[in-house]
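Enquirer: For reference, the structure I am asking about is given below.
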Amino acid sequence: MSGKAQVRKNRALRSHKTGLPPGALVAVGEAKTERLSITLIEYGAEEIVERSFDSIAEALDYPARLPTLWFNIYGLPDAESMRALGRRFQLHPLVLEDILNTDQRPKVDDYGDTLYLVVRFFDYDRDSMRVSSDQVSIVLGKEFVLTFQERPTGSFDPVRERLRQARGQIRRLAADYLAYALLDALVDRYFLVLEQIGERTELLEDELMHRATPGVLHTLHQLKRETLTLRRAVWPLREVVATLARGEGDFFRPETLPYLRDVYDHTVHVIESLEAIRDLLAGMLDIYLSSLSHRVNQEVRALTVIALIFMPATMISGIFGMNFRVMPLLENPFGFYIALGLIAGIAVTLGVVFWRRRWLG
Amino acid sequence: MSGKAQVRKNRALRSHKTGLPPGALVAVGEAKTERLSITLIEYGAEEIVERSFDSIAEALDYPARLPTLWFNIYGLPDAESMRALGRRFQLHPLVLEDILNTDQRPKVDDYGDTLYLVVRFFDYDRDSMRVSSDQVSIVLGKEFVLTFQERPTGSFDPVRERLRQARGQIRRLAADYLAYALLDALVDRYFLVLEQIGERTELLEDELMHRATPGVLHTLHQLKRETLTLRRAVWPLREVVATLARGEGDFFRPETLPYLRDVYDHTVHVIESLEAIRDLLAGMLDIYLSSLSHRVNQEVRALTVIALIFMPATMISGIFGMNFRVMPLLENPFGFYIALGLIAGIAVTLGVVFWRRRWLG
Amino acid sequence: MSGKAQVRKNRALRSHKTGLPPGALVAVGEAKTERLSITLIEYGAEEIVERSFDSIAEALDYPARLPTLWFNIYGLPDAESMRALGRRFQLHPLVLEDILNTDQRPKVDDYGDTLYLVVRFFDYDRDSMRVSSDQVSIVLGKEFVLTFQERPTGSFDPVRERLRQARGQIRRLAADYLAYALLDALVDRYFLVLEQIGERTELLEDELMHRATPGVLHTLHQLKRETLTLRRAVWPLREVVATLARGEGDFFRPETLPYLRDVYDHTVHVIESLEAIRDLLAGMLDIYLSSLSHRVNQEVRALTVIALIFMPATMISGIFGMNFRVMPLLENPFGFYIALGLIAGIAVTLGVVFWRRRWLG
Amino acid sequence: MSGKAQVRKNRALRSHKTGLPPGALVAVGEAKTERLSITLIEYGAEEIVERSFDSIAEALDYPARLPTLWFNIYGLPDAESMRALGRRFQLHPLVLEDILNTDQRPKVDDYGDTLYLVVRFFDYDRDSMRVSSDQVSIVLGKEFVLTFQERPTGSFDPVRERLRQARGQIRRLAADYLAYALLDALVDRYFLVLEQIGERTELLEDELMHRATPGVLHTLHQLKRETLTLRRAVWPLREVVATLARGEGDFFRPETLPYLRDVYDHTVHVIESLEAIRDLLAGMLDIYLSSLSHRVNQEVRALTVIALIFMPATMISGIFGMNFRVMPLLENPFGFYIALGLIAGIAVTLGVVFWRRRWLG
Amino acid sequence: MSGKAQVRKNRALRSHKTGLPPGALVAVGEAKTERLSITLIEYGAEEIVERSFDSIAEALDYPARLPTLWFNIYGLPDAESMRALGRRFQLHPLVLEDILNTDQRPKVDDYGDTLYLVVRFFDYDRDSMRVSSDQVSIVLGKEFVLTFQERPTGSFDPVRERLRQARGQIRRLAADYLAYALLDALVDRYFLVLEQIGERTELLEDELMHRATPGVLHTLHQLKRETLTLRRAVWPLREVVATLARGEGDFFRPETLPYLRDVYDHTVHVIESLEAIRDLLAGMLDIYLSSLSHRVNQEVRALTVIALIFMPATMISGIFGMNFRVMPLLENPFGFYIALGLIAGIAVTLGVVFWRRRWLG
């Protein structure tokens, strides 16, 4: 989603909620999917169970028995279901509110029993050439992880696959490692979006080298805006991950901290690549503006050359068009050709001068 | 209020007070309302009482009996009333002075018994398309909240309504939660103003794409100034809320702190949206300046095309207007048409060249 | 004083002192007044005594008996007097040196027994439309305040008046409160200078809207320089006041600290207003440069219109001025008028085209 | 490698790995060499042994007996070898992953038993005039140093030579000093690259003084990008070295810390030289843009001079070409020469005027 | 030395040393003097002895007996002498290396027994109008000060003179005060260089007001570079002096700290003056670029005026030069004068219009 669209969305939706008490459970954000989709995965080192449910009430009745529980919800549940979830997992009213309010900036809130993370998921639509963004809420408790997404995006599929196949150490470790794995999967997506923006930047750079049309400026403006949108999501995320990686609170065990530091390195990497693209775009703006200026220069030079070639010619023909009784050459049978020769001579001389000054072409 | 107007106001009013001792109770700021309007709300979990008074003296005589007292004043009281208020609620002389001095920047002062908050209320007037700003003073004591506004704005109506209807937990909680609710209501208004500025920015962007008139630059300048005005109020507010949310001092109970952190997130959100608008405006300035430059380019090209089409023609007619006795074609009955054909031929040839170079149109 | 003048002064005077040992008492700075003027005020809650002296030696002989002593000196004393003052009030050699060196930046030095403050006083001369600046040194001891100014400016008159009339609590409180009052009086003056700069900025903005002459740029440059000069004095002052308001050292009693925080708020206010003016000036520079560019655009368009109207006309008259024997219309008695009509017709047609494109005017 | 290329590489390679568990040992980065090259150096004050191996398995079987072991690998080993290395030297899975992922930013990770350093090696190719960059991983244990490079670059040859010849104190000191020496060798290379960039900057500056072609802008853009690439590697390196030089953790003994501070000074030196080059480039862009503007100015002036010289001449010849029956001078035998004289006189007069205004040339 | 020259020097010399072990004593830097010049001053409150030596070996044999020893060396000693010095005064190998490497940035290194300071001395050559810089190394021990300079500059002469004449308290205080005095003498020189740069800036500003030639831009660029060179030396120096003035370590006694704070104030003063000059230069660049743009505007206007005056005249003469049989006025004996009058009339009318629009001149 572009910067402008985000501003519009914030404004439009926020204002609907103005005046409600905090914790009022009203979905703030466009509904991106109609149907709620709930999946539950419980697992231990030896065993893994997956279930799908149609309603949250049903899901909450499921009796979990394995060490770690992952509860994933696509779509925004209604207020009643949220309250039931809140009672079951002892969530703070503000957490419930923030999950439904889908234009949050990335943040981490420590509520003692649970840790609440907001991260943004980014997607790039190849057809509209636009970046879109969804809110992902991750609630980490001692033995469970809850994830809320606005719509099914497939961003967590690799983690699900790893759980199923018991690849790596994910099944042997607890909920905090799962939370890390989800975070890592989201950050990995940033590199994909970065790739798209970078590719369009390079295409634009090539186009700019050939022809500086106003359309270049427009695309430049749009790329700059997408870079800024991504940047606004990654900078606070970096702070969030840095906070987690410092290991304050006891949500993440010491063994998981190096992995969080790795995610931190990735976010810094994303930020630096964004800054690199930004520098490129700024440099391209300079080149664009300078090429405009250079073209004015060439146009004026062309005018000057035209004036220099035709003005003397016009003057000479004007002089021989005067009506004086006594004028040299007029009676001369070669007079006309002498005059034409004069005109041509001046033109050739000037042509040589311009050629030497490299003014031609 | 625009940046210029604020500068003017500060200067004009401040200079009236230069040389007075601190704590001198002189209203510094334009009187925005003639009549003082005083309302008192006292409430507990079970009961709520609302009263209106004509004078502060009368209000101070009212015997409060419920746990929490909210005293709201529209307009600037006179010095005597302020002193009476100060004695009743044990306010520091500087607090009394600052309440009357309505061009303060947002701040928080901890006086041990009371906490003094200055926040700015923003309003957008659709007719004049201008942002105006009022000072709101909030004094928080253990069992009371005092609020001072320059004029009735309706900004606290949602809180009042919630108190009356006992919606949410507001009636069960103490004065610190009321202070939070008032702060939250003020910050919610910022989103409304942001919406207006954002909308005008988009309108301007559309206009800019069609026609880059100097009027665009003027509106750009004005929007930039309004953004700066809002920004100057929100940045210090962010510091204020951050200070409160850290829970230093014991004005806010631990249960209220998550709510303050929520307000903090909102102020950061406002700041980031403002920065996004600022980036948009800066990008629009680039486009505007570049389109000016591009237009010069097109004008010069038009000149060049005109010169190229007419100068050769004028030269040829000049040549055949020379008065040589012996000139070719003059006697030829089709001479005139040959000359005209030459002129037309040159024009058509140049036309094709320009068309190929895309110089036409 | 403008930035340039300050640079010049610093250089010129500093270089005279290069190579002297520290603490060498040589007046570094232009003498702004010939005659020294020494006033002494001693006061307690009940009583106040004012004296004037011709020489410092004489003043030092005066036996003080009231709790607080304020010693004010206009002009720069000679080395001998400074040494006598130093012995009487136990001042560090560097304090004596700094008092005479009148191009210091604002600072605070804690020497254990005394606190040494350098503040700059700003004045605006309406005739030359220039900002001038003087150094004010304030030495705060347990029971005395010494103030040194380069010339009589009247900046401390309001404080003196308050002392005389025992207005506010100033007479009941000790030397630290007096130091605060003096600091406050100096900062209040900044608002006056700010008013002048702001007023000229607005005048210039109005002028800019009407006509973008190079003179506008010149005034813009000058205002920017004055803003920078003021800014260079206020930023370090803010640090100084922040240091004092934190209450480190025991020069200021806890009761005085809220007043210092108030002065701190004022300096921040001055800084933010300066930044607002700076933003305005930067925006005005953009408008100025863009209006220059826009004007080039209009000039070129005028040229194009002229060329388009006259070049076809000239070509047509040239064509009918050719000397072919057989030319149409020449024999026609209305030929001349037909040619004139053709010329006029082209002019009218182009006029309509330009009018529709809004190129006229 | 230029900024663009780095962005491309990051994107392309990273995306291959998306979805894998952390610690998955997949080479992320182009293979820069086909064959692995493994060298082992063990040394003490008295003795040094060098060995080369074809496979890591073979190298790990080698029984080391001297106090310090340096294991250097060119090229990226396969997953199985990495795991064997990890078991032998007790490396964290993330270290193994990072070694193979060759687009890391410089960092230091403390894993208790080992310290993992990522540094970038820079090379300048004189033919393509491009800066390329390789990742160098350094693992420091109590008694060993492991180094991993993408390809043989010769960057560590001076250290190897010093070890062989026992120059300086390197053989008498332990593994931490060897790690310092390797770091120092890498930073020393930065100065060489800096030299190349600086040389091209100066050449460009000279070229700019003579002729401001669009090619200058292009080279300017490229140099700016290389500077940024180098800068992005040196800024985090500075943090890394600062962390090491503070001596936290016990990897570096107190005697080695002054040497690390020396490396820190070198990185700061590189950064400042880069900033100096950047300032130069920015100033050159200003000069380039201004010289474009200045040239437009000169072109327009040339046009004006041409118009001023030929237009009056054309007008005079036109006047004497009018067909009035009664016209002065026409019958005068010297009329033609008088007219020519008038034309020449105007031309000479204007020439003198332009010469005085220095408009010629 | 300009920024460019410094970059070149760094590169060229550094690369010679690449690959040497740390502490290798190779002079890195151009030899600025052929002959070494060694002076030794030992002094106490009562007595002072000065000696000159031809070689360091000879100087080290001198038996010192007074409390404080100042050893000053002009020129770079050979490796053997440096090692002898190192043994005598127990200097760390890196100190010896840094003394010979004359392109260090200002820094302070604490080696327990000795404190090593690098400061840069600046000089301004009036003839070449260039700033040159030398490295000054100061080693402070408990009872000695060693100073190393690249060539005799006279920068320490004032301190020497004060020692001889026992002016101030310098003879009564210990080595730390001498180190302060030397530092102060070096910083005082910065004001002299600042004076030169400021003077040239003002001259340039005056020139700019009269005529904006490309030469102005060139000087502007050069001044900016010199400012940056000085700035790069003063910013780290500020950090160095701030570190010393905090009194960490026990090299400087508490009585000396206020003097170091005074030096700190001076460096801040230099920095602020440099920033002021930088702002001036940036403003001058704006004025220069705007005046270029303004001049294009005026040139185009001149062209327009010329076209407007001559084109109608040419058209009228062309009209009356047409060859129609029947044309009005041709037979009229005053026809020619009527036509001339028409031409003159148009010229005068346009002249009045331009005069009113202030387009003339």
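Note on naming: chains are A, B, ... as they come in the structure tokens, residues start from 1 per chain, ligands start from 1 in the order shown.
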For the contact check between chain C and chain B, emit one row per residue of chain C within 8 Å, containing the shortest atom pair and the distance in Å rounded to one decimal, counting only C-alpha atoms, chain then rising number order, as a Markdown table.

Expert:
| residue | atom | partner | partner_atom | distance |
| --- | --- | --- | --- | --- |
| C:Pro158 | CA | B:Gly19 | CA | 5.0 |
| C:Val159 | CA | B:Gly19 | CA | 7.2 |
| C:Arg162 | CA | B:Pro21 | CA | 7.4 |
| C:Arg167 | CA | B:Pro21 | CA | 7.3 |
| C:Gly168 | CA | B:Pro21 | CA | 6.0 |
| C:Ala181 | CA | B:Pro21 | CA | 8.0 |
| C:Ala185 | CA | B:Gly19 | CA | 6.5 |
| C:Asp188 | CA | B:Thr18 | CA | 5.9 |
| C:Arg189 | CA | B:Thr18 | CA | 7.6 |
| C:Phe191 | CA | B:Arg11 | CA | 6.1 |
| C:Leu192 | CA | B:Ser15 | CA | 6.3 |
| C:Leu194 | CA | B:Arg11 | CA | 7.0 |
| C:Glu195 | CA | B:Arg11 | CA | 5.0 |
| C:Gly198 | CA | B:Val7 | CA | 6.9 |
| C:Glu199 | CA | B:Arg8 | CA | 7.6 |
| C:Glu202 | CA | B:Lys4 | CA | 7.6 |
| C:Pro258 | CA | B:Leu94 | CA | 7.8 |
| C:Tyr259 | CA | B:Leu94 | CA | 7.6 |
| C:Asp262 | CA | B:Leu94 | CA | 7.9 |
| C:His269 | CA | B:Arg105 | CA | 7.2 |
| C:Glu272 | CA | B:Arg232 | CA | 7.8 |
| C:Ser273 | CA | B:Val7 | CA | 6.4 |
| C:Ala276 | CA | B:Gly3 | CA | 6.7 |
| C:Ile277 | CA | B:Lys4 | CA | 8.0 |
| C:Leu280 | CA | B:Arg225 | CA | 7.8 |
| C:Gly283 | CA | B:His221 | CA | 6.7 |
| C:Ile287 | CA | B:Leu217 | CA | 7.2 |
| C:Ser290 | CA | B:Leu289 | CA | 6.6 |
| C:Ser291 | CA | B:Pro214 | CA | 7.8 |
| C:Ser293 | CA | B:Leu292 | CA | 7.0 |
| C:His294 | CA | B:Leu292 | CA | 6.5 |
| C:Val296 | CA | B:Val296 | CA | 7.4 |
| C:Asn297 | CA | B:Val296 | CA | 5.0 |
| C:Val300 | CA | B:Glu299 | CA | 6.5 |
| C:Arg301 | CA | B:Glu299 | CA | 6.1 |
| C:Leu303 | CA | B:Leu303 | CA | 7.8 |
| C:Thr304 | CA | B:Leu303 | CA | 5.3 |
| C:Ala307 | CA | B:Ile306 | CA | 7.4 |
| C:Leu308 | CA | B:Ile306 | CA | 6.8 |
| C:Met311 | CA | B:Phe310 | CA | 6.3 |
| C:Pro312 | CA | B:Phe310 | CA | 6.8 |
| C:Thr314 | CA | B:Thr314 | CA | 7.2 |
| C:Met315 | CA | B:Thr314 | CA | 4.9 |
| C:Gly318 | CA | B:Ser317 | CA | 5.2 |
| C:Ile319 | CA | B:Ser317 | CA | 5.1 |
| C:Gly321 | CA | B:Gly321 | CA | 5.6 |
| C:Met322 | CA | B:Gly321 | CA | 3.9 |
| C:Asn323 | CA | B:Gly321 | CA | 5.2 |
| C:Phe324 | CA | B:Leu330 | CA | 4.3 |
| C:Arg325 | CA | B:Glu331 | CA | 5.5 |
| C:Val326 | CA | B:Pro333 | CA | 5.3 |
| C:Met327 | CA | B:Phe336 | CA | 6.0 |

Enquirer: Just write the chosen residues, C-alpha atoms, as a CSV table (one decimal), in the first residue's frame.

Expert:
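Done, and the output landed in part20.csv:
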chain,number,residue,atom,x,y,z
C,158,PRO,CA,12.2,45.5,35.7
C,159,VAL,CA,14.0,43.4,38.3
C,162,ARG,CA,10.4,44.8,41.5
C,167,ARG,CA,6.5,43.0,44.3
C,168,GLY,CA,6.2,39.3,44.2
C,181,ALA,CA,15.0,36.8,38.0
C,185,ALA,CA,14.6,39.2,32.3
C,188,ASP,CA,12.2,37.8,28.0
C,189,ARG,CA,14.1,40.2,25.8
C,191,PHE,CA,10.9,37.5,22.6
C,192,LEU,CA,11.1,41.1,21.7
C,194,LEU,CA,12.0,37.5,17.9
C,195,GLU,CA,9.0,39.8,17.4
C,198,GLY,CA,9.2,37.7,12.7
C,199,GLU,CA,7.6,41.1,11.6
C,202,GLU,CA,6.1,38.6,7.3
C,258,PRO,CA,10.4,25.2,39.3
C,259,TYR,CA,11.1,28.8,38.2
C,262,ASP,CA,9.9,27.8,33.6
C,269,HIS,CA,9.9,28.2,23.1
C,272,GLU,CA,11.0,26.5,18.4
C,273,SER,CA,9.8,29.9,17.2
C,276,ALA,CA,9.5,28.1,12.7
C,277,ILE,CA,10.9,31.3,11.2
C,280,LEU,CA,9.4,30.0,6.7
C,283,GLY,CA,10.1,28.0,2.1
C,287,ILE,CA,9.1,30.4,-3.7
C,290,SER,CA,10.6,29.0,-8.4
C,291,SER,CA,9.2,32.5,-9.2
C,293,SER,CA,12.2,30.1,-13.0
C,294,HIS,CA,8.5,30.8,-13.7
C,296,VAL,CA,11.9,32.9,-17.4
C,297,ASN,CA,9.2,30.7,-18.6
C,300,VAL,CA,10.3,32.8,-23.3
C,301,ARG,CA,6.6,32.4,-24.0
C,303,LEU,CA,9.2,35.7,-27.2
C,304,THR,CA,7.4,32.8,-28.8
C,307,ALA,CA,7.8,35.3,-33.2
C,308,LEU,CA,4.6,33.5,-34.0
C,311,MET,CA,7.3,35.8,-38.6
C,312,PRO,CA,4.4,34.7,-40.8
C,314,THR,CA,7.2,39.0,-42.5
C,315,MET,CA,7.3,35.9,-44.7
C,318,GLY,CA,8.6,38.9,-48.3
C,319,ILE,CA,6.8,36.6,-50.8
C,321,GLY,CA,8.1,41.4,-52.5
C,322,MET,CA,9.7,38.9,-54.8
C,323,ASN,CA,10.5,40.2,-58.3
C,324,PHE,CA,9.0,37.4,-60.4
C,325,ARG,CA,7.5,38.7,-63.6
C,326,VAL,CA,4.4,36.6,-63.3
C,327,MET,CA,2.9,36.6,-59.8

Enquirer: As a ChimeraX atom specification, please: every residue in range 53-138 of chain A that DSSP puts in alpha helix (DSSP H).

Expert: /A:56-61,79-89,93-100

Enquirer: Could you write those residues out with C-alpha atoms, as a PDB file, in the first residue's frame?

Expert:
ATOM      1  CA  ILE A  56     -13.570 -19.661  17.685  1.00  0.00           C
ATOM      2  CA  ALA A  57     -15.979 -21.019  20.317  1.00  0.00           C
ATOM      3  CA  GLU A  58     -15.507 -24.497  18.888  1.00  0.00           C
ATOM      4  CA  ALA A  59     -11.749 -24.101  18.812  1.00  0.00           C
ATOM      5  CA  LEU A  60     -11.622 -22.960  22.414  1.00  0.00           C
ATOM      6  CA  ASP A  61     -13.409 -26.151  23.483  1.00  0.00           C
ATOM      7  CA  ALA A  79     -16.258  -8.896  19.544  1.00  0.00           C
ATOM      8  CA  GLU A  80     -17.811 -11.855  21.380  1.00  0.00           C
ATOM      9  CA  SER A  81     -15.234 -14.328  20.055  1.00  0.00           C
ATOM     10  CA  MET A  82     -12.432 -11.926  20.904  1.00  0.00           C
ATOM     11  CA  ARG A  83     -13.686 -11.669  24.460  1.00  0.00           C
ATOM     12  CA  ALA A  84     -13.820 -15.475  24.723  1.00  0.00           C
ATOM     13  CA  LEU A  85     -10.250 -15.681  23.421  1.00  0.00           C
ATOM     14  CA  GLY A  86      -9.253 -13.002  25.909  1.00  0.00           C
ATOM     15  CA  ARG A  87     -10.725 -14.981  28.822  1.00  0.00           C
ATOM     16  CA  ARG A  88      -9.156 -18.264  27.676  1.00  0.00           C
ATOM     17  CA  PHE A  89      -5.650 -16.879  27.216  1.00  0.00           C
ATOM     18  CA  PRO A  93      -8.344  -5.605  26.786  1.00  0.00           C
ATOM     19  CA  LEU A  94      -5.891  -3.399  24.851  1.00  0.00           C
ATOM     20  CA  VAL A  95      -4.443  -6.477  23.135  1.00  0.00           C
ATOM     21  CA  LEU A  96      -7.900  -7.481  21.956  1.00  0.00           C
ATOM     22  CA  GLU A  97      -8.490  -3.943  20.704  1.00  0.00           C
ATOM     23  CA  ASP A  98      -5.147  -3.740  18.894  1.00  0.00           C
ATOM     24  CA  ILE A  99      -5.668  -7.081  17.140  1.00  0.00           C
ATOM     25  CA  LEU A 100      -8.820  -5.716  15.522  1.00  0.00           C
TER      26      LEU A 100
END

Enquirer: Which parts of range 32-153 of chain C does DSSP call strand (DSSP E or B) when run on the backbone here, written out as a PyMOL selection string?

Expert: chain C and resi 37-43+48-53+68-74+101+107-110+115-125+130-140+144-149

Enquirer: CA of Thr201 in chain A to CA of Arg130 in chain D: how many Å, to one decimal?

Expert: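 Spanning CA of Thr201 in chain A to CA of Arg130 in chain D is a straight-line distance of 20.5 Å.
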
Enquirer: Mind giving me the straight-line distance from CA of Ser137 in chain D to CA of Gly75 in chain D in Å, one decimal?

Expert: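 CA of Ser137 in chain D sits 11.5 Å away from CA of Gly75 in chain D.
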
Enquirer: Please measure the separation of CA of Leu66 in chain C and CA of Tyr116 in chain C, giving the value in Å to one decimal.

Expert: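 Going from CA of Leu66 in chain C over to CA of Tyr116 in chain C, I get 22.7 Å.
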
Enquirer: Excluding same-chain residues fewer than 2 positions from Thr243 in chain B, what lies within 12 Å of it counting only C-alpha atoms, as a ChimeraX atom specification?

Expert: /B:107-110,115,117,236-241,245-249,251-252,257,260-261,263-264

Enquirer: Kindly save the residues from that selection, with N, CA and C atoms included, as a tab-separated table (two decimals), in the first residue's frame.

Expert:
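What landed in result-v1.tsv:
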chain	number	residue	atom	x	y	z
B	107	LYS	N	3.64	20.19	27.73
B	107	LYS	CA	4.65	19.84	28.72
B	107	LYS	C	3.98	19.17	29.90
B	108	VAL	N	4.78	18.58	30.75
B	108	VAL	CA	4.28	18.01	31.99
B	108	VAL	C	5.18	18.50	33.10
B	109	ASP	N	4.56	19.04	34.19
B	109	ASP	CA	5.33	19.49	35.35
B	109	ASP	C	4.84	18.74	36.57
B	110	ASP	N	5.76	18.17	37.30
B	110	ASP	CA	5.42	17.40	38.49
B	110	ASP	C	5.67	18.29	39.70
B	115	LEU	N	0.00	17.09	39.28
B	115	LEU	CA	0.72	16.94	38.03
B	115	LEU	C	0.06	17.91	37.05
B	117	LEU	N	-0.39	19.24	33.23
B	117	LEU	CA	-0.19	18.88	31.83
B	117	LEU	C	-0.68	20.00	30.92
B	236	PRO	N	6.49	17.48	21.17
B	236	PRO	CA	6.64	17.57	22.64
B	236	PRO	C	5.57	16.72	23.36
B	237	LEU	N	4.37	16.59	22.77
B	237	LEU	CA	3.33	15.77	23.40
B	237	LEU	C	3.81	14.34	23.54
B	238	ARG	N	4.50	13.87	22.50
B	238	ARG	CA	5.06	12.51	22.55
B	238	ARG	C	5.99	12.36	23.75
B	239	GLU	N	6.84	13.36	23.97
B	239	GLU	CA	7.74	13.30	25.12
B	239	GLU	C	6.94	13.26	26.42
B	240	VAL	N	5.88	14.10	26.46
B	240	VAL	CA	5.05	14.18	27.65
B	240	VAL	C	4.44	12.82	27.95
B	241	VAL	N	3.83	12.21	26.92
B	241	VAL	CA	3.14	10.94	27.14
B	241	VAL	C	4.15	9.84	27.47
B	245	ALA	N	4.02	7.51	30.65
B	245	ALA	CA	3.89	6.06	30.47
B	245	ALA	C	5.01	5.30	31.16
B	246	ARG	N	6.14	5.98	31.45
B	246	ARG	CA	7.20	5.32	32.18
B	246	ARG	C	6.81	5.13	33.65
B	247	GLY	N	5.72	5.83	34.06
B	247	GLY	CA	5.20	5.62	35.39
B	247	GLY	C	6.05	6.18	36.50
B	248	GLU	N	6.94	7.15	36.20
B	248	GLU	CA	7.68	7.82	37.27
B	248	GLU	C	6.69	8.67	38.05
B	249	GLY	N	7.00	8.93	39.31
B	249	GLY	CA	6.03	9.58	40.15
B	249	GLY	C	4.93	8.56	40.40
B	251	PHE	N	1.50	9.27	40.15
B	251	PHE	CA	0.20	9.80	39.77
B	251	PHE	C	-0.65	8.77	39.04
B	252	PHE	N	0.04	7.95	38.22
B	252	PHE	CA	-0.71	6.96	37.47
B	252	PHE	C	-0.45	5.58	38.08
B	257	LEU	N	-1.05	2.37	33.28
B	257	LEU	CA	0.11	2.58	32.42
B	257	LEU	C	-0.05	1.96	31.02
B	260	LEU	N	-1.76	4.40	28.90
B	260	LEU	CA	-0.91	5.52	28.50
B	260	LEU	C	0.03	5.11	27.37
B	261	ARG	N	0.53	3.86	27.45
B	261	ARG	CA	1.39	3.41	26.36
B	261	ARG	C	0.61	3.36	25.05
B	263	VAL	N	-1.82	5.48	24.27
B	263	VAL	CA	-1.85	6.87	23.79
B	263	VAL	C	-0.50	7.23	23.15
B	264	TYR	N	0.58	6.73	23.79
B	264	TYR	CA	1.89	6.98	23.23
B	264	TYR	C	1.99	6.44	21.80
